[in-house]
file data-v2.cif (mmCIF, C-alpha atoms)
data_run
loop_
_atom_site.label_atom_id
_atom_site.label_comp_id
_atom_site.auth_asym_id
_atom_site.auth_seq_id
_atom_site.Cartn_x
_atom_site.Cartn_y
_atom_site.Cartn_z
CA MET A 70 -99.16 69.86 -61.19
CA ASN A 71 -101.58 70.93 -58.46
CA LYS A 72 -103.17 68.53 -55.98
CA ASP A 73 -106.57 68.51 -57.71
CA THR A 74 -105.04 67.49 -61.03
CA HIS A 75 -102.85 64.87 -59.34
CA ASP A 76 -105.85 63.38 -57.52
CA GLY A 77 -107.97 63.58 -60.67
CA LEU A 78 -105.41 61.64 -62.70
CA PHE A 79 -105.22 59.01 -59.95
CA TYR A 80 -108.99 58.52 -59.67
CA ALA A 81 -109.70 58.64 -63.41
CA GLY A 82 -106.75 56.34 -64.13
CA ALA A 83 -107.98 53.87 -61.51
CA ALA A 84 -111.49 53.94 -63.01
CA PHE A 85 -110.36 53.28 -66.58
CA ILE A 86 -107.86 50.59 -65.54
CA LEU A 87 -110.55 48.79 -63.52
CA TRP A 88 -112.96 49.00 -66.46
CA GLY A 89 -110.24 47.73 -68.80
CA LEU A 90 -109.48 44.75 -66.55
CA LEU A 91 -113.15 43.90 -65.94
CA PRO A 92 -113.07 41.02 -68.50
CA VAL A 93 -110.74 39.18 -66.11
CA TYR A 94 -113.42 39.37 -63.41
CA TRP A 95 -116.25 38.09 -65.61
CA LYS A 96 -114.02 35.41 -67.18
CA ALA A 97 -113.44 34.03 -63.69
CA LEU A 98 -117.22 33.52 -63.50
CA GLU A 99 -117.75 32.08 -66.98
CA GLU A 100 -119.40 28.97 -65.48
CA VAL A 101 -122.33 31.22 -64.50
CA PRO A 102 -124.79 31.93 -67.37
CA ALA A 103 -124.73 35.55 -68.57
CA LEU A 104 -128.32 36.33 -67.50
CA GLU A 105 -127.78 34.95 -64.02
CA LEU A 106 -124.51 36.83 -63.74
CA LEU A 107 -126.26 40.04 -64.81
CA CYS A 108 -128.97 39.54 -62.16
CA ASN A 109 -126.34 39.04 -59.47
CA ARG A 110 -124.54 42.15 -60.67
CA ILE A 111 -127.73 44.21 -60.39
CA VAL A 112 -128.83 42.89 -56.98
CA TRP A 113 -125.43 43.17 -55.31
CA SER A 114 -124.82 46.59 -56.87
CA LEU A 115 -128.06 47.76 -55.26
CA PHE A 116 -126.89 46.62 -51.82
CA PHE A 117 -123.37 48.00 -52.25
CA VAL A 118 -124.58 51.42 -53.41
CA ALA A 119 -127.16 51.52 -50.60
CA ILE A 120 -124.35 51.04 -48.07
CA LEU A 121 -122.31 53.82 -49.70
CA LEU A 122 -125.30 56.19 -49.71
CA SER A 123 -125.85 55.48 -46.02
CA CYS A 124 -122.19 56.09 -45.18
CA LYS A 125 -122.14 59.35 -47.15
CA LYS A 126 -125.63 60.39 -45.94
CA ARG A 127 -126.82 61.05 -49.49
CA TRP A 128 -130.31 59.50 -49.39
CA ARG A 129 -131.84 62.96 -49.86
CA GLU A 130 -130.48 62.99 -53.42
CA VAL A 131 -132.30 59.72 -54.13
CA LYS A 132 -135.55 61.15 -52.76
CA THR A 133 -135.10 64.26 -54.90
CA ALA A 134 -134.59 62.13 -58.01
CA LEU A 135 -137.68 60.04 -57.26
CA ALA A 136 -139.81 63.13 -56.65
CA ASP A 137 -139.29 64.31 -60.22
CA LYS A 138 -141.71 62.52 -62.60
CA LYS A 139 -139.61 63.28 -65.67
CA GLY A 140 -136.50 62.21 -63.77
CA LYS A 141 -138.09 58.88 -62.83
CA LEU A 142 -139.01 58.21 -66.45
CA LEU A 143 -135.52 59.06 -67.64
CA LEU A 144 -133.94 56.88 -64.93
CA THR A 145 -136.18 54.00 -65.98
CA ILE A 146 -135.00 54.42 -69.57
CA SER A 147 -131.37 54.65 -68.46
CA SER A 148 -131.90 51.49 -66.36
CA CYS A 149 -132.99 49.54 -69.44
CA LEU A 150 -130.08 50.90 -71.46
CA ILE A 151 -127.40 50.09 -68.87
CA GLY A 152 -128.98 46.68 -68.21
CA THR A 153 -128.79 45.88 -71.93
CA ASN A 154 -125.21 47.12 -72.07
CA TRP A 155 -124.17 45.02 -69.05
CA PHE A 156 -125.81 41.88 -70.42
CA ILE A 157 -124.23 42.16 -73.88
CA TYR A 158 -120.85 42.91 -72.30
CA ILE A 159 -120.95 39.93 -69.92
CA TRP A 160 -122.22 37.58 -72.64
CA ALA A 161 -119.54 38.78 -75.06
CA VAL A 162 -116.68 38.41 -72.58
CA ASN A 163 -117.73 34.90 -71.57
CA HIS A 164 -118.21 33.82 -75.20
CA ASP A 165 -114.72 34.92 -76.30
CA HIS A 166 -115.59 38.28 -77.83
CA VAL A 167 -113.41 40.53 -75.67
CA VAL A 168 -111.90 42.14 -78.78
CA ASP A 169 -115.39 43.03 -79.99
CA THR A 170 -116.17 44.72 -76.66
CA SER A 171 -112.98 46.73 -77.07
CA MET A 172 -114.11 47.86 -80.52
CA GLY A 173 -117.48 48.92 -79.07
CA TYR A 174 -115.94 51.11 -76.41
CA TYR A 175 -113.47 52.64 -78.86
CA MET A 176 -116.47 53.67 -80.96
CA THR A 177 -118.53 55.07 -78.05
CA PRO A 178 -117.07 58.63 -77.98
CA LEU A 179 -117.70 58.99 -81.71
CA MET A 180 -121.25 57.70 -81.21
CA ASN A 181 -121.66 60.27 -78.41
CA ALA A 182 -120.74 63.04 -80.83
CA LEU A 183 -123.21 61.72 -83.42
CA LEU A 184 -126.06 61.51 -80.89
CA GLY A 185 -125.23 65.00 -79.65
CA PHE A 186 -125.63 66.25 -83.22
CA ILE A 187 -128.93 64.40 -83.77
CA PHE A 188 -130.67 64.95 -80.43
CA MET A 189 -128.95 67.92 -78.76
CA LYS A 190 -128.48 70.03 -81.88
CA GLU A 191 -124.75 70.18 -81.20
CA ARG A 192 -122.83 71.24 -84.30
CA LEU A 193 -120.20 68.93 -85.74
CA ASN A 194 -117.11 70.55 -87.21
CA ARG A 195 -115.25 69.13 -90.19
CA LEU A 196 -112.79 67.08 -88.12
CA GLN A 197 -115.58 65.48 -86.10
CA VAL A 198 -117.43 64.53 -89.30
CA ILE A 199 -114.21 62.98 -90.64
CA ALA A 200 -113.72 61.06 -87.38
CA ILE A 201 -117.25 59.61 -87.48
CA ALA A 202 -116.90 58.82 -91.21
CA LEU A 203 -113.66 56.90 -90.57
CA ALA A 204 -115.33 54.81 -87.87
CA ALA A 205 -118.26 54.16 -90.24
CA CYS A 206 -115.77 52.99 -92.88
CA GLY A 207 -114.33 50.56 -90.34
CA VAL A 208 -117.78 49.13 -89.63
CA ALA A 209 -118.55 48.96 -93.37
CA TYR A 210 -115.28 47.12 -94.03
CA SER A 211 -116.13 44.65 -91.27
CA ILE A 212 -119.55 44.01 -92.83
CA ILE A 213 -118.04 43.49 -96.30
CA ASP A 214 -115.23 41.24 -95.06
CA TYR A 215 -117.19 39.12 -92.56
CA GLY A 216 -120.56 39.32 -94.26
CA HIS A 217 -122.35 40.44 -91.10
CA ILE A 218 -122.74 43.51 -88.91
CA PRO A 219 -120.37 43.70 -85.89
CA TYR A 220 -123.46 43.60 -83.66
CA ILE A 221 -121.64 43.20 -80.34
CA ALA A 222 -119.48 46.29 -80.82
CA LEU A 223 -122.35 48.35 -82.24
CA THR A 224 -124.81 47.30 -79.52
CA LEU A 225 -122.34 48.22 -76.79
CA ALA A 226 -121.49 51.55 -78.42
CA VAL A 227 -125.11 52.50 -79.15
CA SER A 228 -126.53 51.43 -75.76
CA PHE A 229 -123.79 53.20 -73.78
CA ALA A 230 -123.95 56.33 -75.93
CA PHE A 231 -127.73 56.54 -75.48
CA TYR A 232 -127.23 55.91 -71.76
CA GLY A 233 -124.81 58.83 -71.64
CA LEU A 234 -127.29 60.99 -73.57
CA VAL A 235 -130.12 60.23 -71.11
CA ARG A 236 -127.90 60.84 -68.09
CA LYS A 237 -126.69 64.12 -69.65
CA VAL A 238 -130.18 65.64 -69.57
CA MET A 239 -130.80 64.56 -65.97
CA LYS A 240 -129.69 66.36 -62.81
CA VAL A 241 -128.81 63.25 -60.82
CA GLU A 242 -125.30 62.44 -59.59
CA SER A 243 -123.76 59.09 -60.54
CA LEU A 244 -124.17 57.32 -57.17
CA PRO A 245 -127.84 58.16 -56.45
CA GLY A 246 -128.59 57.59 -60.14
CA LEU A 247 -126.96 54.15 -60.07
CA PHE A 248 -129.02 53.24 -56.99
CA VAL A 249 -132.29 54.13 -58.72
CA GLU A 250 -131.25 52.35 -61.92
CA THR A 251 -130.40 49.14 -60.09
CA ALA A 252 -133.55 49.49 -57.95
CA VAL A 253 -135.64 49.54 -61.14
CA LEU A 254 -133.99 46.35 -62.40
CA ALA A 255 -133.61 44.60 -59.03
CA PRO A 256 -137.16 43.16 -58.54
CA LEU A 257 -137.08 41.16 -61.79
CA SER A 258 -133.46 40.20 -61.19
CA ALA A 259 -134.18 38.98 -57.64
CA ALA A 260 -137.29 37.11 -58.83
CA TYR A 261 -135.26 35.32 -61.50
CA LEU A 262 -132.57 34.34 -58.97
CA LEU A 263 -135.24 33.05 -56.55
CA TRP A 264 -136.83 31.01 -59.34
CA LEU A 265 -133.43 29.49 -60.14
CA ALA A 266 -132.89 28.75 -56.44
CA PHE A 267 -136.25 27.01 -55.99
CA SER A 268 -135.75 25.00 -59.17
CA GLY A 269 -132.27 23.93 -58.05
CA GLU A 270 -130.63 25.51 -61.10
CA ILE A 271 -128.91 28.43 -59.41
CA SER A 272 -125.14 28.46 -59.84
CA ILE A 273 -124.27 29.03 -56.17
CA TYR A 274 -124.89 25.29 -55.63
CA LYS A 275 -122.47 24.34 -58.39
CA ILE A 276 -119.53 26.75 -58.18
CA SER A 277 -116.68 27.08 -55.68
CA LEU A 278 -116.65 29.24 -52.56
CA MET A 279 -114.25 31.65 -54.27
CA ASP A 280 -116.60 32.04 -57.23
CA ASN A 281 -119.50 32.69 -54.85
CA LEU A 282 -117.44 35.42 -53.20
CA LEU A 283 -116.77 36.90 -56.64
CA LEU A 284 -120.53 36.91 -57.29
CA LEU A 285 -121.05 38.85 -54.06
CA GLY A 286 -118.31 41.24 -55.11
CA ALA A 287 -120.02 42.02 -58.43
CA GLY A 288 -121.63 45.07 -56.82
CA ALA A 289 -118.29 46.53 -55.79
CA ALA A 290 -116.74 45.66 -59.17
CA THR A 291 -119.55 47.61 -60.83
CA SER A 292 -119.75 50.60 -58.51
CA LEU A 293 -116.14 51.39 -57.58
CA PRO A 294 -115.01 52.41 -61.10
CA LEU A 295 -118.06 54.69 -61.38
CA ILE A 296 -117.21 56.34 -58.05
CA PHE A 297 -113.56 56.79 -59.04
CA PHE A 298 -114.62 58.20 -62.41
CA ALA A 299 -116.93 60.73 -60.74
CA HIS A 300 -114.10 61.88 -58.45
CA GLY A 301 -111.70 62.17 -61.39
CA ALA A 302 -114.16 63.97 -63.67
CA ARG A 303 -114.64 66.77 -61.13
CA ARG A 304 -110.90 67.44 -60.98
CA LEU A 305 -109.77 67.16 -64.62
CA ARG A 306 -110.32 69.04 -67.87
CA LEU A 307 -112.74 67.28 -70.21
CA VAL A 308 -110.05 66.95 -72.88
CA THR A 309 -107.79 65.12 -70.41
CA LEU A 310 -110.64 62.87 -69.35
CA GLY A 311 -111.52 62.27 -73.00
CA MET A 312 -108.03 61.05 -73.85
CA MET A 313 -107.82 58.84 -70.75
CA GLN A 314 -111.05 57.00 -71.61
CA TYR A 315 -109.19 55.01 -74.27
CA ILE A 316 -107.18 53.24 -71.55
CA ALA A 317 -110.08 50.85 -70.90
CA PRO A 318 -110.67 49.54 -74.45
CA THR A 319 -106.90 49.36 -75.03
CA LEU A 320 -106.46 47.12 -71.99
CA ALA A 321 -109.45 45.01 -73.09
CA LEU A 322 -107.96 44.65 -76.59
CA MET A 323 -104.62 43.54 -75.14
CA LEU A 324 -106.38 41.02 -72.91
CA GLY A 325 -108.42 39.68 -75.81
CA VAL A 326 -105.46 39.27 -78.15
CA PHE A 327 -102.54 38.38 -75.87
CA VAL A 328 -104.19 36.70 -72.86
CA TYR A 329 -107.33 35.06 -74.25
CA GLU A 330 -105.80 34.54 -77.73
CA GLU A 331 -108.83 35.69 -79.68
CA PRO A 332 -108.33 35.96 -83.46
CA PHE A 333 -106.99 39.26 -84.71
CA ASN A 334 -106.38 38.82 -88.43
CA SER A 335 -105.52 41.41 -91.07
CA ALA A 336 -109.20 42.14 -91.82
CA ARG A 337 -109.88 42.94 -88.17
CA LEU A 338 -106.73 45.06 -88.07
CA VAL A 339 -108.05 47.13 -90.99
CA THR A 340 -111.36 47.66 -89.18
CA PHE A 341 -109.56 48.79 -86.02
CA ALA A 342 -107.21 50.97 -88.08
CA PHE A 343 -110.17 52.94 -89.44
CA ILE A 344 -111.62 53.33 -85.93
CA TRP A 345 -108.25 54.30 -84.43
CA SER A 346 -107.79 56.86 -87.20
CA GLY A 347 -111.19 58.33 -86.38
CA ILE A 348 -110.26 58.49 -82.71
CA ALA A 349 -106.94 60.18 -83.53
CA VAL A 350 -108.77 62.87 -85.52
CA TYR A 351 -111.38 63.25 -82.76
CA VAL A 352 -108.72 63.62 -80.04
CA ALA A 353 -106.71 66.05 -82.17
CA ASP A 354 -109.85 68.18 -82.59
CA GLY A 355 -110.40 68.16 -78.82
CA LEU A 356 -106.79 69.13 -78.13
CA ASN A 357 -107.00 71.93 -80.68
CA LYS A 358 -110.13 73.34 -79.03
CA ASN A 359 -108.52 73.11 -75.60
CA LEU A 360 -105.38 74.95 -76.76
CA LYS A 361 -107.53 77.72 -78.23
CA VAL A 362 -109.40 78.10 -74.94
CA ILE A 363 -106.13 78.28 -72.99
CA SER A 364 -104.70 80.80 -75.47
CA THR A 365 -107.82 82.99 -75.25
CA THR A 366 -107.77 82.83 -71.44
CA ASN A 367 -104.10 83.82 -71.26
CA ASN A 368 -104.64 86.73 -73.60
#
call {"tool": "encode", "arguments": {"input": "data-v2.cif", "output": "structure tokens"}}
result
Amino acid sequence: MNKDTHDGLFYAGAAFILWGLLPVYWKALEEVPALELLCNRIVWSLFFVAILLSCKKRWREVKTALADKKGKLLLTISSCLIGTNWFIYIWAVNHDHVVDTSMGYYMTPLMNALLGFIFMKERLNRLQVIAIALAACGVAYSIIDYGHIPYIALTLAVSFAFYGLVRKVMKVESLPGLFVETAVLAPLSAAYLLWLAFSGEISIYKISLMDNLLLLGAGAATSLPLIFFAHGARRLRLVTLGMMQYIAPTLALMLGVFVYEEPFNSARLVTFAFIWSGIAVYVADGLNKNLKVISTTNN
């Protein structure tokens, strides 16, 4: 194993583990309403990323992104998508739906493939169609068994997949892009926090010093996994990165079931079994493609 691969595995592994353990962070702040927690996450992410951009002297990339009219529009759209995703995720975690968030992020790669087919004219092979169909069967079973759509999982999967689609067509790196996205959302977020402060309803008056420090750390908790992921992605094959991304929802599922004791009955197991089967087919297809590429290269 060369140094690049070793470093890539370390950074990508750190990113996915941090993402998988993120419910622990938000659970520690469950006294803070989800909308207020989201606003703190946005505002402190803006400050944290601004410090990183200054240290790395990368403000030129932000200026370049803002100079492009199409880029600004796309970043505004991606801001709304990631803001929606963050809010649903925080609300779900703090209302005992960690297992549902896990289901959403298991489904995201399959949703990415579907959106690529619809919007990017990317062809789906037979195995990819089977993988998406299996996930759809899982969702259908959930609807039949529970009598309602698994809206938390679907909203997370759809919003993050569309976010990935928008970011795919842009030429902005993750750190400058995150700064612009949080900058778009920050004015409304700051205004809401100020309104809460002036009305005496803001949570900083009601929670402990440790919880206030966790609120301040929300920016780092948001940004560090993204930075690690970017470092890992540049050093690893896509197929390796694709397999590692399931670390995060697996950790979240284990937290939801074994730590927070959320219900996981036979019906939910069937739903997950369909989704896991789809993922297995999807990963097998990716491995098969990778082996063919390696074989062709060696020949």
call {"tool": "resolve_selection", "arguments": {"input": "data-v2.cif", "expression": "the PyMOL selection byres ((chain A and resi 322) around 9)", "output": "VMD selection string"}}
result
chain A and resid 89 167 to 172 317 to 321 323 to 327
call {"tool": "residues_around", "arguments": {"input": "data-v2.cif", "residues": "Ala84 in chain A", "least_positions_apart": "3", "cutoff": "6 Å", "atoms": "only C-alpha atoms", "output": "mmCIF file with C-alpha atoms, keeping the file's coordinate frame"}}
result
data_model
loop_
_atom_site.group_PDB
_atom_site.id
_atom_site.type_symbol
_atom_site.label_atom_id
_atom_site.label_comp_id
_atom_site.auth_asym_id
_atom_site.auth_seq_id
_atom_site.Cartn_x
_atom_site.Cartn_y
_atom_site.Cartn_z
ATOM 1 C CA ALA A 81 -109.700 58.640 -63.410
ATOM 2 C CA LEU A 87 -110.550 48.790 -63.520
ATOM 3 C CA PRO A 294 -115.010 52.410 -61.100
ATOM 4 C CA PHE A 297 -113.560 56.790 -59.040
ATOM 5 C CA PHE A 298 -114.620 58.200 -62.410
#
call {"tool": "closest_residue", "arguments": {"input": "data-v2.cif", "among": "A:Ile271, A:Ser211, A:Tyr220, A:Ala302", "to": "Val339 in chain A", "atoms": "only C-alpha atoms"}}
result
A:Ser211
call {"tool": "resolve_selection", "arguments": {"input": "data-v2.cif", "expression": "the PyMOL selection byres ((chain A and resi 210) around 12)", "output": "JSON, numbers by chain"}}
result
{"A": [203, 204, 205, 206, 207, 208, 209, 211, 212, 213, 214, 215, 216, 217, 218, 219, 335, 336, 337, 338, 339, 340, 341, 342, 343, 344]}
call {"tool": "atom_distance", "arguments": {"input": "data-v2.cif", "atom1": "CA of Ile221 in chain A", "atom2": "CA of Gly140 in chain A"}}
result
29.3 Å
call {"tool": "atom_distance", "arguments": {"input": "data-v2.cif", "atom1": "CA of Trp88 in chain A", "atom2": "CA of Asn334 in chain A"}}
result
25.1 Å
call {"tool": "closest_residue", "arguments": {"input": "data-v2.cif", "among": "A:Leu257, A:Ile273, A:Leu356, A:Ile86", "to": "Thr309 in chain A", "atoms": "only C-alpha atoms"}}
result
A:Leu356
call {"tool": "residues_around", "arguments": {"input": "data-v2.cif", "residues": "Leu98 in chain A", "least_positions_apart": "6", "cutoff": "10 Å", "atoms": "all atoms listed in the file", "output": "list of chain:residue names"}}
result
A:Pro92, A:Leu106, A:Ile159, A:Asn163, A:Ile276, A:Met279, A:Asp280, A:Asn281, A:Leu283, A:Leu284
call {"tool": "atom_distance", "arguments": {"input": "data-v2.cif", "atom1": "CA of Pro256 in chain A", "atom2": "CA of Leu90 in chain A"}}
result
28.9 Å
call {"tool": "resolve_selection", "arguments": {"input": "data-v2.cif", "expression": "the PyMOL selection byres ((chain A and resi 111) around 8)", "output": "list of chain:residue names"}}
result
A:Leu107, A:Cys108, A:Asn109, A:Arg110, A:Val112, A:Trp113, A:Ser114, A:Leu115, A:Thr251, A:Leu254, A:Ala255, A:Ser258, A:Gly288
call {"tool": "write_last_selection", "arguments": {"input": "data-v2.cif", "atoms": "C-alpha atoms", "output": "mmCIF file, in the frame of the given file"}}
result
data_model
loop_
_atom_site.group_PDB
_atom_site.id
_atom_site.type_symbol
_atom_site.label_atom_id
_atom_site.label_comp_id
_atom_site.auth_asym_id
_atom_site.auth_seq_id
_atom_site.Cartn_x
_atom_site.Cartn_y
_atom_site.Cartn_z
ATOM 1 C CA LEU A 107 -126.260 40.040 -64.810
ATOM 2 C CA CYS A 108 -128.970 39.540 -62.160
ATOM 3 C CA ASN A 109 -126.340 39.040 -59.470
ATOM 4 C CA ARG A 110 -124.540 42.150 -60.670
ATOM 5 C CA VAL A 112 -128.830 42.890 -56.980
ATOM 6 C CA TRP A 113 -125.430 43.170 -55.310
ATOM 7 C CA SER A 114 -124.820 46.590 -56.870
ATOM 8 C CA LEU A 115 -128.060 47.760 -55.260
ATOM 9 C CA THR A 251 -130.400 49.140 -60.090
ATOM 10 C CA LEU A 254 -133.990 46.350 -62.400
ATOM 11 C CA ALA A 255 -133.610 44.600 -59.030
ATOM 12 C CA SER A 258 -133.460 40.200 -61.190
ATOM 13 C CA GLY A 288 -121.630 45.070 -56.820
#
call {"tool": "axis_aligned_box", "arguments": {"input": "data-v2.cif", "around": "range 284-294 of chain A", "padding_each_side": "5 Å", "output": "lines of an AutoDock Vina configuration file"}}
result
center_x = -118.3
center_y = 44.7
center_z = -57.6
size_x = 16.6
size_y = 25.5
size_z = 17.0
call {"tool": "residues_around", "arguments": {"input": "data-v2.cif", "residues": "Ile151 in chain A", "least_positions_apart": "5", "cutoff": "12 Å", "atoms": "all atoms listed in the file", "output": "VMD selection string"}}
result
chain A and resid 107 110 to 111 144 to 146 156 to 158 224 to 236 246 to 247 249 to 251 253 to 254 291
call {"tool": "closest_residue", "arguments": {"input": "data-v2.cif", "among": "A:Lys72, A:His164, A:His300, A:Lys240", "to": "Glu130 in chain A", "atoms": "only C-alpha atoms"}}
result
A:Lys240
